[in-house]
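Chemist: I'd like to ask some things about the structure below.
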Amino acid sequence: MTDVGSGDRAARSIVDRWFARYPAIAMGVLVPFGAVTPLFSVELGVATFAVGTLVVGMAHGAVDHLVPLRATGGDGTSLPRSVAIVSVAYAVLGGAVVVAFFVAPVVAFVGFVGLTWLHWGQGDVAALVLAGVDHLPTPGERALTLLVRGGLPMGVPLVSHPGEYRLVAEWVVGLFVADAAAAVAPLFVPPTRLAVGAAMVGATLLSMGLGYRRVRAGADRGGWLRDAGETGVLWAWFLLSAPVLAIGVYFAAWHSLRHVGRLTLVDAAATERLAKGDVRGALFRFARDAAPLTLGGFLVVGGVGLAVPSGVAAPGDVLAVSLVAIAALTLPHVAVVAWLDGRQRVWRPGELG
Ligand SMILES: CC1=C(/C=C/C(C)=C/C=C/C(C)=C/C=O)C(C)(C)CCC1
Ligand SMILES: [Fe+2]
């Protein structure tokens, strides 16, 4: 029972509906609101990002220590072993990220954006596979989808709202160096923006076109339409909305919710509740499991805040410190999710049972 495509069919369809489809529709409905957010101050975005991280963002990774245990169905990995492996990964990889920010903040910042691009794309590929779409039958097509889906939150805001993107880069790098504006300037030359924009438009058209060809050859049209619809909503959302707010909403309501849904399906007791339509019961179990290390995550934010040379004075500094802490937590989180992807054969479509 380890394939992403196996497990209880009823539970899977409820998870897809409540954790992926409804939130995507809600984001589509929010697009006109997003379009006016560039008129407001960036602090609105910072507050939104903070609330999203508090409510669900931090929690979505806070059961990583149970993932090896649950995804193996308990055979092969015991609870202490599962916790030990994941704790060591968090300490080593997370520690390395914090050191990287001290040693080479601009490189670490670019690395973090690249890692998030990969991770958020990886999450959406898993969600599409979980939903059972069949227009992405090869690893190559899935990799292209990863590139598109991760590039929507990380690449499109650079094209549409470079000023706010740059401001956040300066806030993050400014925690470690005095002249952050000069340090990040080389990243924001026009060719970078042009290349990212061209790559995103090209990759999106190619991905949609290849998918359509699969539909013409007999693949399910509904799955492709869903992929195209989600991609369209995300394009509109990130083209129009102010970046910090847009990413704050996406992190909580899109990426994190989808991942929480996926995790409820590797928890047998939660799956049982979902199969009976009890979404609240499944969420309660998740919240209980995630509570201790959600608090742990906020301690990491506090620790980074105490450690940075610049001190923390303005709302921008709070966002910057949170992002550095999130970067440290993300590298090990990606390792856990990549392991889960492998276990659930997300990247080996032919072998899906
Ligand atoms: C807020 C923001 C940025 C970065 C956000 C990142 C990189 C968030 C990563 C979150 C993760 C990885 C969560 C875990 O799943 C940019 C693009 C620099 C500039 C625009 C505003
Ligand atoms: Fe994640």
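Every chain in the structure tokens takes a letter, A first, then B, and so on in the order presented; its residues are numbered from 1, and the ligands are numbered from 1 following the presented order.
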Do you know which residues are within 10 Å of ligand 2 using only C-alpha atoms and all ligand atoms? Can you write them as a PDB file with C-alpha atoms, in the first residue's frame?
Modeler:
```pdb
ATOM      1  CA  GLY A  57       2.954  26.478   6.395  1.00  0.00           C
ATOM      2  CA  MET A  58       5.204  25.473   9.287  1.00  0.00           C
ATOM      3  CA  ALA A  59       2.991  22.503  10.187  1.00  0.00           C
ATOM      4  CA  HIS A  60       3.170  20.889   6.753  1.00  0.00           C
ATOM      5  CA  GLY A  61       6.737  19.752   7.371  1.00  0.00           C
ATOM      6  CA  ALA A  62       6.302  19.084  11.083  1.00  0.00           C
ATOM      7  CA  ASP A  64       8.489  14.601   8.577  1.00  0.00           C
ATOM      8  CA  THR A 116      11.898  26.100  -3.555  1.00  0.00           C
ATOM      9  CA  HIS A 119      10.253  21.526  -4.142  1.00  0.00           C
ATOM     10  CA  TRP A 120       7.019  23.292  -5.035  1.00  0.00           C
ATOM     11  CA  GLY A 121       7.162  21.782  -8.520  1.00  0.00           C
ATOM     12  CA  GLN A 122       7.772  18.370  -6.965  1.00  0.00           C
ATOM     13  CA  GLY A 123       4.721  18.847  -4.727  1.00  0.00           C
ATOM     14  CA  PHE A 251       2.610  28.504   0.530  1.00  0.00           C
ATOM     15  CA  ALA A 252      -0.270  27.949   2.961  1.00  0.00           C
ATOM     16  CA  HIS A 255       1.584  23.805  -1.371  1.00  0.00           C
ATOM     17  CA  SER A 256       1.084  23.069   2.331  1.00  0.00           C
ATOM     18  CA  LEU A 257      -2.549  21.947   2.114  1.00  0.00           C
ATOM     19  CA  ARG A 258      -1.757  19.564  -0.732  1.00  0.00           C
ATOM     20  CA  HIS A 259       1.087  18.075   1.243  1.00  0.00           C
ATOM     21  CA  VAL A 260      -1.031  17.727   4.385  1.00  0.00           C
ATOM     22  CA  LEU A 329      14.090  23.544   7.322  1.00  0.00           C
ATOM     23  CA  THR A 330      13.367  23.158   3.605  1.00  0.00           C
ATOM     24  CA  LEU A 331      16.535  21.330   2.526  1.00  0.00           C
ATOM     25  CA  HIS A 333      12.193  18.547   4.171  1.00  0.00           C
ATOM     26  CA  VAL A 334      12.951  18.160   0.448  1.00  0.00           C
ATOM     27  CA  VAL A 336      12.179  13.526   3.129  1.00  0.00           C
ATOM     28  CA  VAL A 337       9.666  14.370   0.385  1.00  0.00           C
TER      29      VAL A 337
END
```
Chemist: So that I can check the surroundings of range 296-306 of chain A, please list as number ranges by chain every protein, DNA and RNA residue that reaches within 12 Å of it, counting only C-alpha atoms and ignoring chain neighbours fewer than 3 positions away.
Modeler: A: 50, 53-64, 87, 90-91, 94-95, 97-99, 101-102, 172, 175-176, 290-293, 309-314, 317-330, 333
Chemist: Hey, can you spit out that residue selection with N, CA and C atoms as a compact mmCIF listing (two decimals), in the first residue's frame?
Modeler:
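Contents of again_28.txt, as written:
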```
# COMPACT_ATOMS: atom_id res chain seq x y z
N ALA A 50 3.13 35.76 7.24
CA ALA A 50 3.29 35.32 8.63
C ALA A 50 2.10 34.46 9.07
N THR A 53 2.14 31.07 7.38
CA THR A 53 3.19 30.21 7.93
C THR A 53 2.77 29.69 9.31
N LEU A 54 2.13 30.58 10.10
CA LEU A 54 1.66 30.19 11.43
C LEU A 54 0.58 29.12 11.36
N VAL A 55 -0.38 29.32 10.44
CA VAL A 55 -1.57 28.46 10.43
C VAL A 55 -1.29 27.09 9.83
N VAL A 56 -0.61 27.05 8.68
CA VAL A 56 -0.41 25.73 8.07
C VAL A 56 0.98 25.52 7.47
N GLY A 57 1.66 26.62 7.07
CA GLY A 57 2.95 26.48 6.40
C GLY A 57 3.97 25.69 7.22
N MET A 58 4.20 26.14 8.46
CA MET A 58 5.20 25.47 9.29
C MET A 58 4.78 24.03 9.58
N ALA A 59 3.48 23.83 9.80
CA ALA A 59 2.99 22.50 10.19
C ALA A 59 3.17 21.46 9.09
N HIS A 60 3.19 21.90 7.82
CA HIS A 60 3.17 20.89 6.75
C HIS A 60 4.43 20.02 6.75
N GLY A 61 5.52 20.56 7.32
CA GLY A 61 6.74 19.75 7.37
C GLY A 61 6.96 19.14 8.74
N ALA A 62 6.04 19.44 9.68
CA ALA A 62 6.30 19.08 11.08
C ALA A 62 5.99 17.63 11.43
N VAL A 63 5.59 16.83 10.45
CA VAL A 63 5.45 15.39 10.73
C VAL A 63 6.46 14.58 9.91
N ASP A 64 7.46 15.30 9.37
CA ASP A 64 8.49 14.60 8.58
C ASP A 64 9.11 13.43 9.34
N SER A 87 15.84 13.40 12.28
CA SER A 87 16.48 14.43 13.12
C SER A 87 17.90 14.71 12.66
N TYR A 90 17.80 16.76 9.51
CA TYR A 90 17.47 18.17 9.79
C TYR A 90 18.67 18.90 10.40
N ALA A 91 19.35 18.25 11.33
CA ALA A 91 20.46 18.93 11.99
C ALA A 91 21.59 19.21 11.00
N GLY A 94 20.06 21.27 7.67
CA GLY A 94 19.59 22.59 8.11
C GLY A 94 20.75 23.44 8.61
N GLY A 95 21.64 22.82 9.38
CA GLY A 95 22.82 23.54 9.88
C GLY A 95 23.67 24.05 8.73
N VAL A 97 22.73 24.87 5.77
CA VAL A 97 22.09 26.01 5.10
C VAL A 97 22.35 27.30 5.88
N VAL A 98 22.23 27.25 7.21
CA VAL A 98 22.47 28.46 8.00
C VAL A 98 23.92 28.91 7.83
N VAL A 99 24.86 27.95 7.86
CA VAL A 99 26.28 28.30 7.66
C VAL A 99 26.45 28.95 6.29
N PHE A 101 24.36 30.73 4.59
CA PHE A 101 23.90 32.13 4.59
C PHE A 101 24.94 33.05 5.23
N PHE A 102 25.64 32.57 6.25
CA PHE A 102 26.68 33.40 6.87
C PHE A 102 27.88 33.57 5.94
N VAL A 172 16.80 39.85 2.95
CA VAL A 172 17.42 38.57 3.37
C VAL A 172 18.94 38.73 3.43
N LEU A 175 20.57 40.80 6.21
CA LEU A 175 20.76 40.25 7.57
C LEU A 175 22.24 39.92 7.80
N PHE A 176 22.98 39.75 6.67
CA PHE A 176 24.36 39.25 6.79
C PHE A 176 25.42 40.22 6.28
N ALA A 290 1.45 17.12 14.32
CA ALA A 290 2.34 18.20 13.85
C ALA A 290 2.63 19.24 14.93
N ALA A 291 1.80 19.29 15.99
CA ALA A 291 1.91 20.40 16.95
C ALA A 291 3.30 20.58 17.56
N PRO A 292 3.93 19.50 18.10
CA PRO A 292 5.20 19.75 18.80
C PRO A 292 6.27 20.34 17.89
N LEU A 293 6.41 19.79 16.67
CA LEU A 293 7.51 20.28 15.84
C LEU A 293 7.14 21.54 15.05
N PRO A 309 23.71 38.84 12.31
CA PRO A 309 24.51 39.99 12.75
C PRO A 309 23.75 41.32 12.75
N SER A 310 22.75 41.47 11.86
CA SER A 310 22.12 42.78 11.71
C SER A 310 21.14 43.12 12.83
N GLY A 311 20.68 42.10 13.56
CA GLY A 311 19.56 42.33 14.50
C GLY A 311 18.25 42.39 13.72
N VAL A 312 17.12 42.38 14.46
CA VAL A 312 15.81 42.35 13.81
C VAL A 312 15.02 43.57 14.29
N ALA A 313 14.75 44.50 13.36
CA ALA A 313 14.08 45.73 13.79
C ALA A 313 12.74 45.95 13.09
N ALA A 314 12.69 45.73 11.78
CA ALA A 314 11.50 46.09 10.99
C ALA A 314 10.74 44.84 10.55
N ASP A 317 12.65 42.61 8.33
CA ASP A 317 13.64 41.72 8.99
C ASP A 317 12.97 40.44 9.48
N VAL A 318 11.73 40.58 9.97
CA VAL A 318 11.01 39.39 10.46
C VAL A 318 10.78 38.43 9.30
N LEU A 319 10.36 38.98 8.14
CA LEU A 319 10.18 38.12 6.96
C LEU A 319 11.51 37.47 6.57
N ALA A 320 12.58 38.29 6.57
CA ALA A 320 13.89 37.79 6.14
C ALA A 320 14.37 36.66 7.07
N VAL A 321 14.23 36.87 8.38
CA VAL A 321 14.65 35.85 9.34
C VAL A 321 13.81 34.58 9.15
N SER A 322 12.50 34.77 8.95
CA SER A 322 11.63 33.60 8.72
C SER A 322 12.07 32.84 7.48
N LEU A 323 12.44 33.59 6.43
CA LEU A 323 12.84 32.91 5.19
C LEU A 323 14.14 32.13 5.38
N VAL A 324 15.09 32.69 6.12
CA VAL A 324 16.35 31.96 6.36
C VAL A 324 16.06 30.69 7.17
N ALA A 325 15.19 30.81 8.18
CA ALA A 325 14.83 29.63 8.98
C ALA A 325 14.10 28.61 8.11
N ILE A 326 13.18 29.10 7.26
CA ILE A 326 12.44 28.20 6.37
C ILE A 326 13.42 27.52 5.40
N ALA A 327 14.43 28.28 4.94
CA ALA A 327 15.43 27.68 4.04
C ALA A 327 16.12 26.51 4.73
N ALA A 328 16.49 26.72 6.00
CA ALA A 328 17.20 25.66 6.73
C ALA A 328 16.30 24.43 6.91
N LEU A 329 15.01 24.67 7.12
CA LEU A 329 14.09 23.54 7.32
C LEU A 329 13.71 22.90 5.99
N THR A 330 13.83 23.68 4.90
CA THR A 330 13.37 23.16 3.60
C THR A 330 14.31 22.11 3.02
N HIS A 333 13.59 18.87 4.53
CA HIS A 333 12.19 18.55 4.17
C HIS A 333 12.14 18.01 2.73
```
Chemist: Mind giving me the straight-line distance from CA of Pro38 in chain A to CA of Ala242 in chain A in Å, one decimal?
Modeler: 4.8 Å
Chemist: Can you pull out every residue within 9 Å of Ala268 in chain A, counting only C-alpha atoms, but drop anything in the same chain fewer than 4 positions away, and send it as a list in words?
Modeler: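 Skipping anything fewer than 4 positions along the chain leaves Arg70, Gly73, Thr264, Glu272 and Arg273 of chain A.
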Chemist: Name the residues in contact with range 201-211 of chain A at a cut-off of 12 Å, using only C-alpha atoms, excluding same-chain residues fewer than 6 positions from it; report them as number ranges by chain.
Modeler: A: 133-138, 140-152, 155-156, 159, 194-195, 217-232, 234-235
Chemist: For the residues in the current selection, export N, CA and C atoms as a tab-separated table (two decimals), in the first residue's frame.
Modeler:
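The result, written out as part26.tsv:
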```
chain	number	residue	atom	x	y	z
A	133	VAL	N	-4.15	11.77	-12.96
A	133	VAL	CA	-4.12	12.24	-14.35
A	133	VAL	C	-3.27	11.28	-15.19
A	134	ASP	N	-3.62	11.13	-16.48
A	134	ASP	CA	-2.81	10.19	-17.27
A	134	ASP	C	-2.21	10.82	-18.52
A	135	HIS	N	-2.14	12.17	-18.54
A	135	HIS	CA	-1.48	12.81	-19.69
A	135	HIS	C	0.01	13.08	-19.43
A	136	LEU	N	0.52	12.57	-18.30
A	136	LEU	CA	1.95	12.75	-17.98
A	136	LEU	C	2.59	11.38	-17.76
A	137	PRO	N	2.64	10.55	-18.81
A	137	PRO	CA	3.05	9.15	-18.59
A	137	PRO	C	4.56	8.93	-18.46
A	138	THR	N	5.38	9.93	-18.77
A	138	THR	CA	6.83	9.68	-18.70
A	138	THR	C	7.49	10.59	-17.67
A	140	GLY	N	10.01	12.41	-18.16
A	140	GLY	CA	10.36	13.66	-18.83
A	140	GLY	C	9.21	14.65	-18.79
A	141	GLU	N	8.00	14.17	-19.07
A	141	GLU	CA	6.83	15.07	-19.03
A	141	GLU	C	6.57	15.55	-17.61
A	142	ARG	N	6.81	14.69	-16.65
A	142	ARG	CA	6.62	15.09	-15.25
A	142	ARG	C	7.68	16.12	-14.84
A	143	ALA	N	8.91	15.94	-15.35
A	143	ALA	CA	9.97	16.91	-15.02
A	143	ALA	C	9.62	18.28	-15.60
A	144	LEU	N	9.07	18.29	-16.80
A	144	LEU	CA	8.67	19.57	-17.41
A	144	LEU	C	7.56	20.23	-16.58
A	145	THR	N	6.63	19.40	-16.09
A	145	THR	CA	5.56	19.92	-15.23
A	145	THR	C	6.15	20.49	-13.94
A	146	LEU	N	7.15	19.80	-13.40
A	146	LEU	CA	7.83	20.31	-12.19
A	146	LEU	C	8.42	21.70	-12.46
A	147	LEU	N	9.08	21.83	-13.61
A	147	LEU	CA	9.71	23.10	-13.97
A	147	LEU	C	8.66	24.21	-14.05
A	148	VAL	N	7.53	23.91	-14.67
A	148	VAL	CA	6.47	24.91	-14.83
A	148	VAL	C	5.86	25.25	-13.47
A	149	ARG	N	5.45	24.22	-12.72
A	149	ARG	CA	4.72	24.46	-11.48
A	149	ARG	C	5.59	25.16	-10.43
A	150	GLY	N	6.88	24.80	-10.36
A	150	GLY	CA	7.76	25.48	-9.39
A	150	GLY	C	8.09	26.89	-9.84
A	151	GLY	N	8.16	27.08	-11.16
A	151	GLY	CA	8.51	28.40	-11.69
A	151	GLY	C	7.40	29.42	-11.56
A	152	LEU	N	6.17	28.95	-11.38
A	152	LEU	CA	5.06	29.92	-11.24
A	152	LEU	C	5.26	30.77	-9.99
A	155	GLY	N	9.47	32.07	-10.33
A	155	GLY	CA	9.95	32.79	-11.51
A	155	GLY	C	9.03	33.92	-11.96
A	156	VAL	N	7.73	33.66	-11.97
A	156	VAL	CA	6.80	34.66	-12.52
A	156	VAL	C	6.82	35.99	-11.75
A	159	VAL	N	9.34	38.37	-12.98
A	159	VAL	CA	9.00	39.01	-14.25
A	159	VAL	C	7.97	40.12	-14.02
A	194	LEU	N	14.43	38.54	-18.37
A	194	LEU	CA	14.00	38.15	-19.72
A	194	LEU	C	14.12	36.62	-19.89
A	195	ALA	N	15.24	36.07	-19.41
A	195	ALA	CA	15.47	34.63	-19.58
A	195	ALA	C	14.45	33.84	-18.77
A	217	ALA	N	-4.19	11.43	-28.29
A	217	ALA	CA	-3.84	10.02	-28.46
A	217	ALA	C	-4.62	9.11	-27.50
A	218	GLY	N	-5.57	9.72	-26.75
A	218	GLY	CA	-6.44	8.87	-25.92
A	218	GLY	C	-6.37	9.09	-24.43
A	219	ALA	N	-5.46	9.97	-23.97
A	219	ALA	CA	-5.39	10.21	-22.52
A	219	ALA	C	-6.63	10.99	-22.07
A	220	ASP	N	-6.90	10.90	-20.77
A	220	ASP	CA	-8.10	11.53	-20.20
A	220	ASP	C	-8.05	13.06	-20.33
A	221	ARG	N	-9.08	13.61	-20.99
A	221	ARG	CA	-9.13	15.06	-21.22
A	221	ARG	C	-9.31	15.83	-19.90
A	222	GLY	N	-10.07	15.22	-18.97
A	222	GLY	CA	-10.36	15.89	-17.69
A	222	GLY	C	-9.07	16.19	-16.92
A	223	GLY	N	-8.16	15.23	-16.90
A	223	GLY	CA	-6.91	15.41	-16.18
A	223	GLY	C	-6.08	16.54	-16.78
A	224	TRP	N	-6.05	16.58	-18.11
A	224	TRP	CA	-5.29	17.63	-18.78
A	224	TRP	C	-5.93	19.00	-18.56
A	225	LEU	N	-7.25	19.04	-18.62
A	225	LEU	CA	-7.96	20.31	-18.39
A	225	LEU	C	-7.71	20.83	-16.98
A	226	ARG	N	-7.66	19.91	-16.07
A	226	ARG	CA	-7.38	20.30	-14.68
A	226	ARG	C	-5.98	20.88	-14.56
A	227	ASP	N	-5.00	20.20	-15.17
A	227	ASP	CA	-3.62	20.68	-15.16
A	227	ASP	C	-3.56	22.08	-15.79
A	228	ALA	N	-4.22	22.23	-16.94
A	228	ALA	CA	-4.20	23.52	-17.64
A	228	ALA	C	-4.91	24.60	-16.80
A	229	GLY	N	-6.02	24.22	-16.17
A	229	GLY	CA	-6.76	25.19	-15.36
A	229	GLY	C	-5.93	25.66	-14.17
A	230	GLU	N	-5.29	24.71	-13.47
A	230	GLU	CA	-4.46	25.08	-12.31
A	230	GLU	C	-3.30	25.98	-12.75
A	231	THR	N	-2.70	25.59	-13.89
A	231	THR	CA	-1.57	26.38	-14.39
A	231	THR	C	-2.03	27.79	-14.73
A	232	GLY	N	-3.22	27.91	-15.32
A	232	GLY	CA	-3.76	29.22	-15.67
A	232	GLY	C	-4.04	30.06	-14.43
A	234	LEU	N	-2.58	29.82	-11.52
A	234	LEU	CA	-1.32	30.23	-10.90
A	234	LEU	C	-0.61	31.32	-11.71
A	235	TRP	N	-0.69	31.20	-13.03
A	235	TRP	CA	-0.11	32.28	-13.87
A	235	TRP	C	-0.77	33.60	-13.53
```
Chemist: For Phe188 in chain A, find every residue with an atom within 8 Å (counting only C-alpha atoms), except residues of its own chain fewer than 4 positions away, and show them as a PDB file with C-alpha atoms, in the first residue's frame.
Modeler:
```
ATOM      1  CA  PRO A 162      10.783  42.757  -9.845  1.00  0.00           C
ATOM      2  CA  ARG A 166      14.432  42.647  -5.152  1.00  0.00           C
ATOM      3  CA  VAL A 184      22.091  41.575  -4.964  1.00  0.00           C
ATOM      4  CA  THR A 192      17.895  37.432 -15.964  1.00  0.00           C
ATOM      5  CA  ARG A 193      14.306  38.621 -15.985  1.00  0.00           C
TER       6      ARG A 193
END
```
Chemist: Which polymer residues have any atom within 12 Å of an atom of Ala269 in chain A, counting only C-alpha atoms, with same-chain residues fewer than 6 positions away left out, as a list in words?
Modeler: Asp8, Ala11, Arg70, Gly73, Leu263, Ala275, Lys276, Asp278, Val279, Gly281, Ala282, Leu283, Phe284, Arg285 and Phe286 of chain A
Chemist: Please report the interatomic distance between CA of Ile247 in chain A and CA of Pro191 in chain A in Å with one decimal.
Modeler: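 Interatomic distance, CA of Ile247 in chain A to CA of Pro191 in chain A: 23.4 Å.
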Chemist: Which of these, A:Trp117, A:Tyr212, A:Tyr165, A:Trp237, has the shortest distance to ligand 1 once you count only C-alpha atoms and all ligand atoms?
Modeler: A:Tyr165
Chemist: Using only C-alpha atoms and all ligand atoms, can you tell me which of A:Pro190, A:Gly277, A:Gly45, A:Pro105 comes closest to ligand 1?
Modeler: A:Gly45
Chemist: For ligand 1, which residue among A:Pro157, A:Gly342, A:Gly34, A:Pro139 is the nearest when counting only C-alpha atoms and all ligand atoms?
Modeler: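 Closest candidate: A:Pro157.
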Chemist: To test your reading of the structure, identify every residue in range 155-191 of chain A that backbone DSSP assigns to helix (DSSP H, G or I), and report it as an MDAnalysis selection string.
Modeler: chainID A and resid 156:160 162:173 180:188 190:191
Chemist: What is the distance, in Å and to one decimal place, between CA of Ala180 in chain A and atom 4 (C, counted along the ligand's line) of ligand 1?
Modeler: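 These atoms are spaced 16.1 Å apart.
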Chemist: Which of these, A:Phe112, A:Trp347, A:Phe238, A:Phe40, has the shortest distance to ligand 1 once you count only C-alpha atoms and all ligand atoms?
Modeler: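 Nearest candidate to ligand 1 out of A:Phe112, A:Trp347, A:Phe238, A:Phe40: A:Phe112.
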Chemist: Taking only C-alpha atoms into account, name the residue in A:Val215, A:Val129, A:Val249, A:Met200 that is nearest to Arg348 in chain A.
Modeler: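 Of the candidates, the smallest distance to Arg348 in chain A is held by A:Val129.
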